[in-house]
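*Asks:* Submitted below is the structure of interest, expressed as structure tokens.
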Amino acid sequence: MTAPARRTGGRSAAVLTSIRAAVEDLVRERGAERVTIPLVAERAGVNPTSIYRRWGDAATMINDIATYRLDPSRPLPSTGSLRDDLTAWAAEIVAHYRKPVNAALLRAGAAVAGEGLSDCLRNRRLEAAQLVTDSAVTVEEVIDTVIAPIVYRVIFLPETLDEATAARLVDRLLPA
């Protein structure tokens, strides 16, 4: 007798997808500060204990969902030009956070991270490290010159994020 074929994703993946969609919808509708696990559970059609078991509290859940939205396993640009790679990477981040729900999730995730390092920042550091390998540019320079101004604008001046933001910030880091 052969073992049954293993399902990819299955119910667990479907439940996570419905929870993530519920969180995004509720953040968009109510703001992150008014999202609770019971509300998410009701919207997602799952038992609240399933959510509590995975995340423990709403703040942790929102931080995880915020991080999930910009998938750290996606391929990074690899053109052979540091300027082009950084510009494409930063442009992807800008485009992502120009969407209001993603900006709201970033704000919520940053708020719940407290003094700890948020998953979002941790992932951007890892990506920056991959991009600047074998260059004189440091990860901290990329974070300070490219990522921090994007995040600042997402939080305080979202209307200033445009298609030229990424190139402008990379030009500051790598003057011609």
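Each chain in the structure tokens gets a letter, A, B and so on, in the order shown; residues start at 1 in every chain, and ligands are counted from 1 in the order they appear.
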Neighbours of stretch 137-145 of chain A within 12 Å (only C-alpha atoms; same-chain residues fewer than 2 positions away dropped), as a ChimeraX atom specification?
*Replies:* /A:82-83,86-87,89-90,120-135,147-152,165-175
*Asks:* Store the residues picked out above, limited to C-alpha atoms, as a PDB file, in the first residue's frame.
*Replies:*
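So the final result, stored in out05.pdb, reads:
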ATOM      1  CA  LEU A  82      24.727  47.902  -7.776  1.00  0.00           C
ATOM      2  CA  ARG A  83      22.959  51.154  -8.701  1.00  0.00           C
ATOM      3  CA  LEU A  86      19.350  49.050  -5.453  1.00  0.00           C
ATOM      4  CA  THR A  87      17.078  51.261  -7.551  1.00  0.00           C
ATOM      5  CA  TRP A  89      14.726  47.002  -5.076  1.00  0.00           C
ATOM      6  CA  ALA A  90      13.852  50.410  -3.617  1.00  0.00           C
ATOM      7  CA  CYS A 120      10.191  44.071   8.278  1.00  0.00           C
ATOM      8  CA  LEU A 121      13.460  45.857   9.123  1.00  0.00           C
ATOM      9  CA  ARG A 122      15.221  42.549   9.734  1.00  0.00           C
ATOM     10  CA  ASN A 123      14.171  41.362   6.276  1.00  0.00           C
ATOM     11  CA  ARG A 124      15.234  44.618   4.583  1.00  0.00           C
ATOM     12  CA  ARG A 125      18.654  44.337   6.292  1.00  0.00           C
ATOM     13  CA  LEU A 126      19.072  40.791   4.986  1.00  0.00           C
ATOM     14  CA  GLU A 127      18.106  41.899   1.486  1.00  0.00           C
ATOM     15  CA  ALA A 128      20.449  44.897   1.623  1.00  0.00           C
ATOM     16  CA  ALA A 129      23.281  42.612   2.728  1.00  0.00           C
ATOM     17  CA  GLN A 130      22.695  40.413  -0.308  1.00  0.00           C
ATOM     18  CA  LEU A 131      22.628  43.407  -2.634  1.00  0.00           C
ATOM     19  CA  VAL A 132      25.818  45.083  -1.367  1.00  0.00           C
ATOM     20  CA  THR A 133      27.977  41.963  -1.215  1.00  0.00           C
ATOM     21  CA  ASP A 134      31.399  42.724  -2.714  1.00  0.00           C
ATOM     22  CA  SER A 135      30.867  46.500  -2.666  1.00  0.00           C
ATOM     23  CA  ILE A 147      15.098  52.460   3.421  1.00  0.00           C
ATOM     24  CA  ALA A 148      14.725  54.888   6.343  1.00  0.00           C
ATOM     25  CA  PRO A 149      13.568  57.780   4.115  1.00  0.00           C
ATOM     26  CA  ILE A 150      11.032  55.483   2.423  1.00  0.00           C
ATOM     27  CA  VAL A 151       9.648  54.330   5.773  1.00  0.00           C
ATOM     28  CA  TYR A 152       9.584  57.910   7.074  1.00  0.00           C
ATOM     29  CA  THR A 165      11.705  58.337  -4.968  1.00  0.00           C
ATOM     30  CA  ALA A 166      13.793  55.180  -5.332  1.00  0.00           C
ATOM     31  CA  ALA A 167      16.204  56.619  -7.916  1.00  0.00           C
ATOM     32  CA  ARG A 168      16.555  59.854  -5.941  1.00  0.00           C
ATOM     33  CA  LEU A 169      17.491  57.984  -2.762  1.00  0.00           C
ATOM     34  CA  VAL A 170      19.932  55.654  -4.507  1.00  0.00           C
ATOM     35  CA  ASP A 171      21.562  58.713  -6.152  1.00  0.00           C
ATOM     36  CA  ARG A 172      22.169  60.101  -2.642  1.00  0.00           C
ATOM     37  CA  LEU A 173      23.829  56.845  -1.655  1.00  0.00           C
ATOM     38  CA  LEU A 174      25.805  56.468  -4.886  1.00  0.00           C
ATOM     39  CA  PRO A 175      26.512  59.936  -6.291  1.00  0.00           C
TER      40      PRO A 175
END
*Asks:* Near stretch 46-61 of chain A, within 8 Å and counting only C-alpha atoms, which residues show up once chain neighbours fewer than 4 positions away are dropped, as a list in words?
*Replies:* Val15, Val35, Thr36, Ile37, Pro38, Val40, Ala41, Glu42, Ile65, Ala108, Gly109 and Val112 of chain A
*Asks:* What does the structure give for the distance between atom CA of A:Arg98 and atom CA of A:Ser78, in Å to one decimal?
*Replies:* 23.6 Å
*Asks:* One number please: atom CA of A:Glu92 to atom CA of A:Arg34, in Å, one decimal.
*Replies:*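 Spanning atom CA of A:Glu92 to atom CA of A:Arg34 is a straight-line distance of 28.7 Å.
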*Asks:* Out of stretch 80-115 of chain A, which residues get alpha helix (DSSP H) from DSSP, as number ranges by chain?
*Replies:* A: 82-97, 100-113
